[in-house]
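Quick look at entry37.cif (mmCIF, C-alpha atoms and all ligand atoms):
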data_final
loop_
_atom_site.label_atom_id
_atom_site.label_comp_id
_atom_site.auth_asym_id
_atom_site.auth_seq_id
_atom_site.Cartn_x
_atom_site.Cartn_y
_atom_site.Cartn_z
CA MET A 1 0.00 0.00 0.00
CA SER A 2 1.43 3.35 -1.00
CA THR A 3 2.40 5.72 1.80
CA ALA A 4 2.60 8.76 -0.52
CA GLY A 5 0.58 11.71 0.74
CA LYS A 6 0.07 10.10 4.15
CA VAL A 7 1.67 10.69 7.55
CA ILE A 8 4.19 7.91 8.28
CA LYS A 9 4.66 6.62 11.83
CA CYS A 10 8.17 5.31 12.35
CA LYS A 11 11.09 5.01 14.75
CA ALA A 12 13.53 7.88 15.28
CA ALA A 13 16.33 8.64 17.76
CA ILE A 14 15.50 11.94 19.46
CA VAL A 15 17.80 14.00 21.69
CA PHE A 16 15.35 15.82 23.99
CA GLU A 17 17.89 18.08 25.74
CA ALA A 18 21.60 18.91 25.54
CA LYS A 19 23.69 15.99 26.88
CA GLY A 20 20.59 13.76 26.98
CA PRO A 21 20.76 10.29 25.40
CA PHE A 22 19.44 9.34 21.97
CA LYS A 23 15.98 7.96 22.78
CA ILE A 24 14.32 5.74 20.19
CA VAL A 25 10.66 6.70 20.04
CA GLU A 26 7.78 6.66 17.57
CA ILE A 27 7.42 9.86 15.55
CA GLU A 28 5.10 11.10 12.86
CA VAL A 29 6.61 12.22 9.58
CA ALA A 30 4.35 14.47 7.51
CA PRO A 31 4.28 14.14 3.71
CA PRO A 32 6.68 16.34 1.74
CA LYS A 33 5.38 19.78 0.78
CA ALA A 34 6.17 21.41 -2.59
CA HIS A 35 9.87 21.04 -3.51
CA GLU A 36 10.47 18.56 -0.69
CA VAL A 37 11.42 14.89 -0.74
CA ARG A 38 10.57 12.15 1.78
CA ILE A 39 13.31 9.54 2.08
CA LYS A 40 13.38 6.05 3.62
CA ILE A 41 16.80 5.93 5.29
CA LEU A 42 18.73 2.69 4.70
CA ALA A 43 21.85 3.49 6.73
CA SER A 44 23.30 6.40 8.66
CA GLY A 45 26.89 6.95 9.81
CA ILE A 46 27.84 8.34 13.21
CA CYS A 47 29.89 11.53 12.84
CA ARG A 48 31.58 13.69 15.50
CA THR A 49 29.27 16.57 14.49
CA ASP A 50 26.23 14.54 15.65
CA ASP A 51 28.01 14.10 18.95
CA HIS A 52 28.37 17.89 19.16
CA ALA A 53 24.63 18.32 18.48
CA GLN A 54 23.95 15.94 21.38
CA ASP A 55 26.44 17.46 23.85
CA GLY A 56 25.46 21.07 23.07
CA GLU A 57 28.87 22.06 21.60
CA ILE A 58 26.93 22.99 18.43
CA LYS A 59 23.91 25.16 19.15
CA VAL A 60 20.73 23.38 18.02
CA SER A 61 17.08 23.51 19.12
CA TYR A 62 15.82 20.51 21.10
CA PRO A 63 14.14 18.10 20.73
CA VAL A 64 16.16 17.28 17.64
CA ILE A 65 16.73 14.35 15.29
CA ALA A 66 20.46 14.45 14.51
CA GLY A 67 22.32 12.40 11.88
CA HIS A 68 23.45 13.86 8.57
CA GLU A 69 25.57 11.17 6.85
CA ALA A 70 23.22 8.71 5.17
CA ILE A 71 21.93 6.91 2.14
CA GLY A 72 18.30 6.07 1.39
CA ILE A 73 15.51 5.57 -1.13
CA VAL A 74 13.01 8.25 -2.16
CA GLU A 75 9.58 7.27 -0.77
CA SER A 76 7.59 10.19 -2.21
CA ILE A 77 8.07 13.69 -3.61
CA GLY A 78 6.24 16.98 -3.21
CA GLU A 79 4.85 19.07 -6.03
CA GLY A 80 7.42 20.47 -8.45
CA VAL A 81 10.29 18.12 -7.57
CA THR A 82 12.17 17.08 -10.71
CA CYS A 83 15.66 16.12 -9.48
CA VAL A 84 14.58 12.75 -8.00
CA LYS A 85 11.63 10.36 -8.18
CA PRO A 86 10.23 7.64 -5.88
CA GLY A 87 12.54 4.61 -5.82
CA ASP A 88 15.76 6.55 -6.54
CA LYS A 89 18.78 5.81 -4.34
CA VAL A 90 19.84 9.13 -2.84
CA ILE A 91 22.23 10.82 -0.43
CA PRO A 92 20.81 13.65 1.72
CA LEU A 93 23.02 16.77 1.64
CA CYS A 94 24.07 18.36 4.94
CA VAL A 95 25.42 21.19 2.78
CA PRO A 96 22.70 21.86 0.20
CA GLN A 97 23.47 23.12 -3.31
CA CYS A 98 20.63 25.42 -4.43
CA GLY A 99 22.59 26.46 -7.53
CA ARG A 100 21.24 30.04 -7.33
CA CYS A 101 23.21 31.79 -4.54
CA PRO A 102 26.69 33.41 -4.88
CA PRO A 103 28.62 30.53 -3.19
CA CYS A 104 26.86 28.02 -5.48
CA LYS A 105 27.65 30.13 -8.56
CA ASN A 106 31.30 30.70 -7.58
CA PRO A 107 33.48 27.75 -8.74
CA GLU A 108 35.47 27.94 -5.48
CA GLY A 109 32.44 28.28 -3.17
CA ASN A 110 30.33 25.57 -1.54
CA MET A 111 28.67 27.07 1.55
CA CYS A 112 25.25 27.36 -0.07
CA GLU A 113 23.16 30.12 1.49
CA LYS A 114 20.45 27.54 2.16
CA SER A 115 22.80 25.69 4.57
CA ASP A 116 21.30 25.39 8.05
CA PHE A 117 24.21 26.03 10.39
CA LEU A 118 25.93 28.88 12.21
CA PRO A 119 23.22 29.47 13.40
CA ALA A 120 20.99 26.44 12.86
CA LYS A 121 17.21 26.87 12.68
CA GLY A 122 16.39 23.17 12.53
CA LEU A 123 13.32 23.81 10.38
CA MET A 124 12.29 23.50 6.73
CA TYR A 125 12.49 26.61 4.50
CA ASP A 126 8.89 27.55 5.42
CA GLY A 127 9.79 27.67 9.13
CA THR A 128 7.91 24.49 10.06
CA SER A 129 8.99 20.90 10.76
CA ARG A 130 7.77 17.64 9.18
CA PHE A 131 8.54 15.73 12.40
CA SER A 132 6.36 15.48 15.50
CA HIS A 133 6.34 13.36 18.65
CA LYS A 134 3.24 13.14 20.85
CA GLY A 135 1.83 16.18 19.05
CA LYS A 136 4.90 18.39 19.64
CA ILE A 137 7.33 19.49 16.94
CA VAL A 138 10.76 17.92 16.68
CA HIS A 139 13.55 19.91 15.00
CA ASN A 140 15.63 18.73 12.11
CA PHE A 141 19.42 18.96 11.89
CA PHE A 142 21.82 20.13 9.21
CA SER A 143 19.05 20.13 6.53
CA THR A 144 18.96 16.32 6.78
CA SER A 145 18.09 14.45 10.08
CA THR A 146 18.96 10.85 9.33
CA PHE A 147 18.69 9.04 12.70
CA THR A 148 15.14 8.12 11.72
CA GLU A 149 13.51 5.56 9.45
CA TYR A 150 12.00 8.37 7.34
CA THR A 151 13.07 11.98 6.86
CA VAL A 152 11.97 14.93 4.73
CA VAL A 153 14.49 17.24 3.04
CA HIS A 154 14.28 20.13 0.58
CA GLU A 155 15.08 19.21 -3.03
CA ASP A 156 18.22 21.40 -2.71
CA ALA A 157 19.44 18.94 -0.06
CA VAL A 158 19.29 15.60 -1.86
CA VAL A 159 21.13 14.04 -4.79
CA LYS A 160 20.49 10.87 -6.78
CA VAL A 161 23.34 8.35 -6.81
CA ASP A 162 24.02 5.17 -8.77
CA PRO A 163 21.65 2.37 -7.67
CA ALA A 164 24.68 0.05 -7.41
CA ALA A 165 26.13 2.16 -4.55
CA PRO A 166 27.11 -0.25 -1.73
CA ILE A 167 25.12 1.05 1.26
CA GLU A 168 27.61 0.51 4.08
CA LYS A 169 30.43 2.33 2.27
CA ALA A 170 28.63 4.90 0.11
CA VAL A 171 27.00 6.22 3.29
CA LEU A 172 30.37 7.84 4.18
CA ILE A 173 30.21 9.98 1.03
CA GLY A 174 27.45 11.96 2.79
CA CYS A 175 30.00 13.52 5.15
CA GLY A 176 33.19 11.96 6.55
CA PHE A 177 34.92 10.71 3.44
CA SER A 178 34.03 13.70 1.27
CA THR A 179 35.11 16.18 3.97
CA GLY A 180 38.59 14.66 4.18
CA TYR A 181 39.08 13.67 0.56
CA GLY A 182 37.89 17.06 -0.71
CA ALA A 183 40.18 18.92 1.72
CA ALA A 184 43.17 17.30 0.00
CA THR A 185 41.96 17.24 -3.60
CA LYS A 186 39.80 20.37 -3.86
CA THR A 187 40.81 22.80 -1.08
CA ALA A 188 44.57 22.12 -0.97
CA LYS A 189 44.86 20.72 -4.52
CA VAL A 190 47.78 18.53 -3.39
CA ARG A 191 50.37 18.20 -6.14
CA PRO A 192 52.14 14.96 -7.18
CA GLY A 193 55.45 14.40 -5.41
CA SER A 194 54.58 16.62 -2.45
CA THR A 195 54.96 16.03 1.29
CA CYS A 196 51.80 16.18 3.44
CA ALA A 197 51.20 16.10 7.20
CA VAL A 198 47.79 15.01 8.50
CA PHE A 199 47.03 15.94 12.14
CA GLY A 200 44.35 13.56 13.48
CA LEU A 201 43.71 10.10 12.03
CA GLY A 202 39.98 9.66 12.69
CA GLY A 203 37.62 8.85 9.83
CA VAL A 204 38.02 12.32 8.34
CA GLY A 205 41.83 12.46 8.75
CA LEU A 206 42.16 9.02 7.15
CA SER A 207 40.06 10.30 4.24
CA VAL A 208 42.55 13.20 3.90
CA VAL A 209 45.28 10.52 3.72
CA ILE A 210 43.34 8.81 0.88
CA GLY A 211 42.99 12.18 -0.92
CA CYS A 212 46.73 12.93 -0.59
CA LYS A 213 47.65 9.49 -1.91
CA THR A 214 45.19 9.72 -4.84
CA SER A 215 46.76 13.12 -5.68
CA GLY A 216 50.20 11.50 -5.90
CA ALA A 217 51.83 12.83 -2.71
CA SER A 218 55.14 11.03 -2.19
CA ARG A 219 55.29 11.47 1.60
CA ILE A 220 52.27 11.43 3.90
CA ILE A 221 53.04 11.86 7.59
CA GLY A 222 50.18 10.89 9.93
CA ILE A 223 50.10 12.47 13.40
CA ASP A 224 47.93 11.17 16.25
CA ILE A 225 48.19 10.67 20.00
CA ASN A 226 46.39 7.32 19.62
CA LYS A 227 48.88 4.89 18.02
CA ALA A 228 46.08 2.36 17.44
CA LYS A 229 45.22 4.51 14.38
CA PHE A 230 48.64 4.02 12.74
CA PRO A 231 48.16 0.60 11.04
CA THR A 232 45.02 1.78 9.20
CA ALA A 233 46.70 5.07 8.24
CA LYS A 234 49.60 3.10 6.74
CA GLU A 235 47.22 0.73 4.93
CA LEU A 236 45.55 3.77 3.33
CA GLY A 237 48.77 5.49 2.24
CA ALA A 238 50.56 7.18 5.17
CA THR A 239 54.30 6.68 4.69
CA GLU A 240 55.16 7.50 8.33
CA CYS A 241 53.13 7.94 11.52
CA ILE A 242 54.23 9.81 14.64
CA SER A 243 52.76 10.61 18.06
CA PRO A 244 53.42 14.07 19.56
CA LEU A 245 53.63 12.29 22.94
CA ASP A 246 56.93 10.65 21.88
CA PHE A 247 58.77 13.98 21.48
CA LYS A 248 59.94 16.70 23.85
CA LYS A 249 60.01 19.27 21.00
CA PRO A 250 56.83 20.85 19.61
CA ILE A 251 55.47 18.69 16.80
CA ASN A 252 55.93 21.46 14.17
CA GLU A 253 59.67 21.45 14.94
CA VAL A 254 59.73 17.65 14.63
CA LEU A 255 58.12 17.98 11.17
CA HIS A 256 60.73 20.57 10.13
CA ASP A 257 63.48 18.18 11.29
CA MET A 258 61.87 15.35 9.28
CA THR A 259 61.91 17.53 6.11
CA ASP A 260 65.50 18.90 6.30
CA GLY A 261 64.22 22.18 7.73
CA LYS A 262 61.89 22.89 4.80
CA GLY A 263 58.57 22.05 6.42
CA VAL A 264 55.83 20.11 4.67
CA ASP A 265 54.15 21.30 1.46
CA TYR A 266 50.65 20.74 2.85
CA SER A 267 49.35 20.28 6.37
CA PHE A 268 45.83 19.39 7.47
CA GLU A 269 44.32 19.90 10.93
CA VAL A 270 41.63 17.26 11.37
CA ILE A 271 41.14 17.37 15.14
CA GLY A 272 39.38 20.67 15.86
CA HIS A 273 41.76 22.08 18.52
CA THR A 274 43.31 25.53 18.29
CA ASP A 275 46.76 24.34 19.48
CA THR A 276 46.98 21.75 16.70
CA MET A 277 45.67 24.32 14.17
CA ALA A 278 48.61 26.57 15.11
CA ALA A 279 51.05 23.64 14.99
CA ALA A 280 49.77 22.55 11.57
CA LEU A 281 50.22 26.09 10.20
CA ALA A 282 53.75 26.36 11.60
CA SER A 283 54.72 22.92 10.25
CA CYS A 284 54.29 23.81 6.58
CA ASN A 285 56.89 25.51 4.40
CA LYS A 286 57.23 29.18 5.34
CA ASN A 287 57.07 30.38 1.74
CA TYR A 288 54.75 28.13 -0.27
CA GLY A 289 53.23 25.83 2.37
CA VAL A 290 49.45 25.44 2.51
CA SER A 291 47.70 24.57 5.76
CA VAL A 292 44.06 23.48 5.70
CA MET A 293 41.75 23.68 8.72
CA VAL A 294 39.31 20.76 8.42
CA GLY A 295 38.29 20.33 12.06
CA ALA A 296 35.57 22.67 13.27
CA PRO A 297 37.03 25.02 15.90
CA PRO A 298 35.47 25.02 19.39
CA SER A 299 32.57 27.51 19.26
CA ALA A 300 34.02 29.83 21.95
CA ALA A 301 37.68 29.78 20.87
CA ASP A 302 39.90 32.65 19.72
CA MET A 303 43.51 32.14 18.76
CA THR A 304 46.60 34.27 18.37
CA ILE A 305 49.31 33.57 15.79
CA SER A 306 52.38 35.47 14.66
CA PRO A 307 51.57 37.37 11.42
CA THR A 308 55.07 36.45 10.20
CA LEU A 309 53.77 32.90 9.68
CA ILE A 310 51.56 34.25 6.87
CA PHE A 311 53.64 37.26 5.73
CA THR A 312 56.37 35.16 4.14
CA GLY A 313 53.94 33.29 1.93
CA ARG A 314 52.19 30.48 3.78
CA THR A 315 48.51 30.02 2.92
CA TRP A 316 45.98 29.18 5.64
CA LYS A 317 42.66 27.87 4.34
CA GLY A 318 39.43 26.58 5.80
CA SER A 319 37.57 23.67 4.27
CA LEU A 320 33.96 22.83 4.98
CA PHE A 321 32.71 19.58 3.45
CA GLY A 322 36.09 19.40 1.69
CA GLY A 323 35.23 22.49 -0.38
CA LEU A 324 33.12 20.18 -2.55
CA LYS A 325 29.88 21.12 -4.26
CA THR A 326 27.57 18.43 -2.96
CA LYS A 327 25.16 17.93 -5.90
CA ASP A 328 27.98 18.08 -8.45
CA ASP A 329 30.61 16.01 -6.66
CA ILE A 330 28.82 13.37 -4.55
CA PRO A 331 27.55 11.20 -7.47
CA ASN A 332 31.12 11.03 -8.85
CA LEU A 333 32.57 10.06 -5.48
CA VAL A 334 29.95 7.29 -5.23
CA LEU A 335 31.09 6.06 -8.67
CA GLY A 336 34.65 6.05 -7.30
CA VAL A 337 33.48 3.68 -4.54
CA ILE A 338 31.63 1.41 -7.01
CA GLU A 339 34.65 1.33 -9.35
CA LYS A 340 36.96 0.69 -6.35
CA LYS A 341 38.99 3.87 -6.98
CA PHE A 342 38.88 4.36 -3.19
CA ASN A 343 39.00 1.63 -0.59
CA LEU A 344 36.66 2.72 2.21
CA ASP A 345 36.56 -0.72 3.88
CA PRO A 346 39.08 0.18 6.63
CA LEU A 347 37.03 3.27 7.58
CA VAL A 348 33.88 1.31 8.50
CA THR A 349 34.92 -0.46 11.69
CA HIS A 350 31.42 -1.16 13.06
CA VAL A 351 27.98 -1.84 11.58
CA LEU A 352 25.18 -1.82 14.18
CA PRO A 353 21.38 -1.99 14.10
CA PHE A 354 19.80 1.46 14.49
CA GLU A 355 18.52 0.51 17.98
CA LYS A 356 22.14 0.36 19.20
CA ILE A 357 22.81 4.04 18.42
CA ASN A 358 24.00 4.85 21.98
CA GLU A 359 26.49 1.96 21.76
CA GLY A 360 27.77 3.50 18.51
CA PHE A 361 28.41 6.83 20.24
CA GLU A 362 30.16 5.05 23.13
CA LEU A 363 32.58 3.48 20.63
CA LEU A 364 33.28 6.99 19.26
CA HIS A 365 33.88 8.41 22.77
CA LYS A 366 36.27 5.59 23.65
CA GLY A 367 38.25 6.07 20.41
CA GLN A 368 37.46 2.43 19.50
CA SER A 369 35.70 3.09 16.19
CA ILE A 370 36.65 4.92 13.04
CA ARG A 371 33.15 5.02 11.58
CA THR A 372 30.08 3.22 12.91
CA VAL A 373 27.30 2.72 10.39
CA LEU A 374 23.77 2.24 11.74
CA LYS A 375 21.49 0.10 9.59
CA MET A 376 17.80 0.88 9.71
N1 LIG A 401 47.19 15.52 18.63
C1 LIG A 401 47.07 14.55 17.70
N2 LIG A 401 45.95 13.80 17.51
C2 LIG A 401 44.90 14.08 18.30
C3 LIG A 401 44.95 15.08 19.31
C4 LIG A 401 46.16 15.82 19.45
N3 LIG A 401 46.28 16.77 20.36
N4 LIG A 401 43.74 15.11 19.92
C5 LIG A 401 42.97 14.18 19.33
N5 LIG A 401 43.67 13.55 18.35
C6 LIG A 401 43.21 12.49 17.44
C7 LIG A 401 42.34 11.44 18.09
O1 LIG A 401 43.09 10.44 18.72
C8 LIG A 401 41.55 10.90 16.88
O2 LIG A 401 42.18 9.80 16.27
C9 LIG A 401 41.55 12.08 15.89
O3 LIG A 401 42.40 13.08 16.43
C10 LIG A 401 40.14 12.69 15.72
O4 LIG A 401 39.34 11.73 15.14
P1 LIG A 401 37.76 11.48 15.49
O5 LIG A 401 37.49 10.06 15.14
O6 LIG A 401 37.47 11.96 16.85
O7 LIG A 401 36.97 12.44 14.53
P2 LIG A 401 36.63 12.48 12.96
O8 LIG A 401 37.82 12.12 12.11
O9 LIG A 401 35.38 11.71 12.70
O10 LIG A 401 36.27 14.04 12.78
C11 LIG A 401 37.15 14.98 13.25
C12 LIG A 401 36.75 16.41 12.81
C13 LIG A 401 37.68 17.34 13.49
C14 LIG A 401 36.90 16.54 11.31
C15 LIG A 401 35.25 16.71 13.19
O11 LIG A 401 35.10 16.70 14.56
C16 LIG A 401 34.84 18.09 12.66
O12 LIG A 401 35.20 19.12 13.19
N6 LIG A 401 34.03 18.12 11.59
C17 LIG A 401 33.56 19.34 10.96
C18 LIG A 401 34.16 19.49 9.61
C19 LIG A 401 33.18 19.54 8.47
O13 LIG A 401 33.43 20.10 7.43
N7 LIG A 401 32.03 18.89 8.60
C20 LIG A 401 31.07 18.79 7.55
C21 LIG A 401 29.80 18.24 8.07
S1 LIG A 401 29.96 17.39 9.57
ZN ZN A 402 29.55 15.00 9.56
#

Using the file provided, produce a representation of the structure as structure tokens.
Ligand code: COD
Ligand code: ZN
Amino acid sequence: MSTAGKVIKCKAAIVFEAKGPFKIVEIEVAPPKAHEVRIKILASGICRTDDHAQDGEIKVSYPVIAGHEAIGIVESIGEGVTCVKPGDKVIPLCVPQCGRCPPCKNPEGNMCEKSDFLPAKGLMYDGTSRFSHKGKIVHNFFSTSTFTEYTVVHEDAVVKVDPAAPIEKAVLIGCGFSTGYGAATKTAKVRPGSTCAVFGLGGVGLSVVIGCKTSGASRIIGIDINKAKFPTAKELGATECISPLDFKKPINEVLHDMTDGKGVDYSFEVIGHTDTMAAALASCNKNYGVSVMVGAPPSAADMTISPTLIFTGRTWKGSLFGGLKTKDDIPNLVLGVIEKKFNLDPLVTHVLPFEKINEGFELLHKGQSIRTVLKM
């Protein structure tokens, strides 16, 4: 029996208050309005940003359905939707691509003006929500909300992908892999033969490693305080791995020593701490080095750096979602997974049923997982 045009009752994981657990409850999902798409979620990855929505580090309105890295099937479409149809395999876009605003029109831009962060409203474009629980509205998250069996997104925030996309791996294209891979290939534009340093070897940092290797970097130095991450980093292309805890000197000086005083060509901060952002900047070549900030800075942090670090020619860049344009780039990255251009197997360390969502976050907190994928 078709569900199109009807309210769907389904399970969702709601965070009712900052620092509260993910509670699996029954919600009601209204049909998509004009230019909206209702999606049956097949799998959703657990990303550090969801953790920040839960712990209050990112300002969101509660109750909220987090989750923003997913893959699903279109269940029904609202009036006027032409980009997808029921039955299509799709990836929801935590950074929409409306195609009409200045960042969408600029070849170097990707922070579409329809993006719902900094600050987040947690509502559809018309200021309402399609989710409710016991008659009260539940907010959405990052234009997506994927910790639910069904979600509704605007047509700007969904893209069709190849039906052959393998669910458990392609799910990472919705955030973690693209964020890291794009930081190396699109934001830094790593050149063949170069030396790269990657600070932080979580799922995103390891995806930076994959991007550096695909770009032909000849040296990729992985840096992490957790040495358990080193074997996977090496499997994916890191040529050396070091822990700052093994040195008395600051890590940027260690990296200069390792490169005959030159510094690395490209450095990437994939941790989200201001001290490692400063160290990553100082570790690249003083004249032509490029340092990319991938980790989101703590919301209340300021930092001070010497202007000389920039004056002599270093470039310091930020990279949100790897600088990629979601609608344009995601289908191609999915093809890369299907054609085995990238090996994402080592990134998915755990696959759990949706009901075990809190267990998935525990694995993240204990540093025991790289990516946990929840299957609906
Ligand atoms: N020195 C070296 N390594 C460290 C240090 C340190 N001082 N502190 C922590 N680490 C290591 C940890 O051991 C861990 O291995 C790694 O850093 C961090 O990995 P994870 O698994 O916690 O996190 P990721 O890889 O999933 O994500 C990290 C980000 C910083 C990228 C993430 O938190 C973030 O800020 N994302 C926002 C970026 C973005 O563009 N997002 C788009 C939509 S979410
Ligand atoms: Zn994410």

Which neighbours of stretch 110-127 of chain A fall inside 7 Å, counting only C-alpha atoms, when residues of the same chain fewer than 2 positions from it are skipped, and could you give them as a PyMOL selection string?
chain A and resi 60-61+95-98+101+103-104+108+129+139-143+323-325

Taking only C-alpha atoms and all ligand atoms into account, produce a table as a Markdown table in which each residue of chain A with an atom at most 8 Å from an atom of ligand ZN 402 (chain A) appears once, together with its shortest atom pair and the distance in Å to one decimal, ordered by chain and rising number.
| residue | atom | partner | partner_atom | distance |
| --- | --- | --- | --- | --- |
| A:Ile46 | CA | A:ZN402 | ZN | 7.8 |
| A:Cys47 | CA | A:ZN402 | ZN | 4.8 |
| A:Arg48 | CA | A:ZN402 | ZN | 6.4 |
| A:Thr49 | CA | A:ZN402 | ZN | 5.2 |
| A:Asp50 | CA | A:ZN402 | ZN | 7.0 |
| A:His68 | CA | A:ZN402 | ZN | 6.3 |
| A:Glu69 | CA | A:ZN402 | ZN | 6.2 |
| A:Cys94 | CA | A:ZN402 | ZN | 7.9 |
| A:Gly174 | CA | A:ZN402 | ZN | 7.7 |
| A:Cys175 | CA | A:ZN402 | ZN | 4.7 |
| A:Gly176 | CA | A:ZN402 | ZN | 5.6 |
| A:Thr179 | CA | A:ZN402 | ZN | 8.0 |

Set the cut-off to 7 Å, count only C-alpha atoms and all ligand atoms, and list whatever residues fall near ligand LIG 401 (chain A) as a ChimeraX atom specification.
/A:47-49,94,175-176,179,199-205,223-226,229,243-244,270-272,276,294-297,319-322,364,367,370

Around (12.4, 5.9, 8.2) in the file's own coordinates, what residues are found within 7 Å if you use all atoms listed in the file, given back as a short mmCIF file (atom, residue, chain, number, x, y, z; two decimals) with C-alpha atoms, in the coordinates of the input?
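New file result.cif:
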data_model
loop_
_atom_site.label_atom_id
_atom_site.label_comp_id
_atom_site.auth_asym_id
_atom_site.auth_seq_id
_atom_site.Cartn_x
_atom_site.Cartn_y
_atom_site.Cartn_z
CA CYS A 10 8.17 5.31 12.35
CA LYS A 11 11.09 5.01 14.75
CA LYS A 40 13.38 6.05 3.62
CA ILE A 41 16.80 5.93 5.29
CA THR A 148 15.14 8.12 11.72
CA GLU A 149 13.51 5.56 9.45
CA TYR A 150 12.00 8.37 7.34
CA THR A 151 13.07 11.98 6.86
#

If I take atom CA of A:Val81 and atom CA of A:Arg130, how far is one from the other in Å, to one decimal?
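Separation between atom CA of A:Val81 and atom CA of A:Arg130: 16.9 Å.
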
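Atom pair atom CA of A:Gly72 / atom CA of A:Thr144 has a distance of 11.6 Å (rounded to one decimal).
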
Excluding A:Ala4 and residues on its chain fewer than 6 positions from it, collect all residues at most 9 Å away from it, counting all atoms listed in the file, and give them as a VMD selection string.
chain A and resid 31 to 32 38 75 to 77

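Taking only C-alpha atoms into account, A:Cys212 lies nearest to A:Tyr266 out of the set A:Tyr62, A:Trp316, A:Phe247, A:Tyr266.
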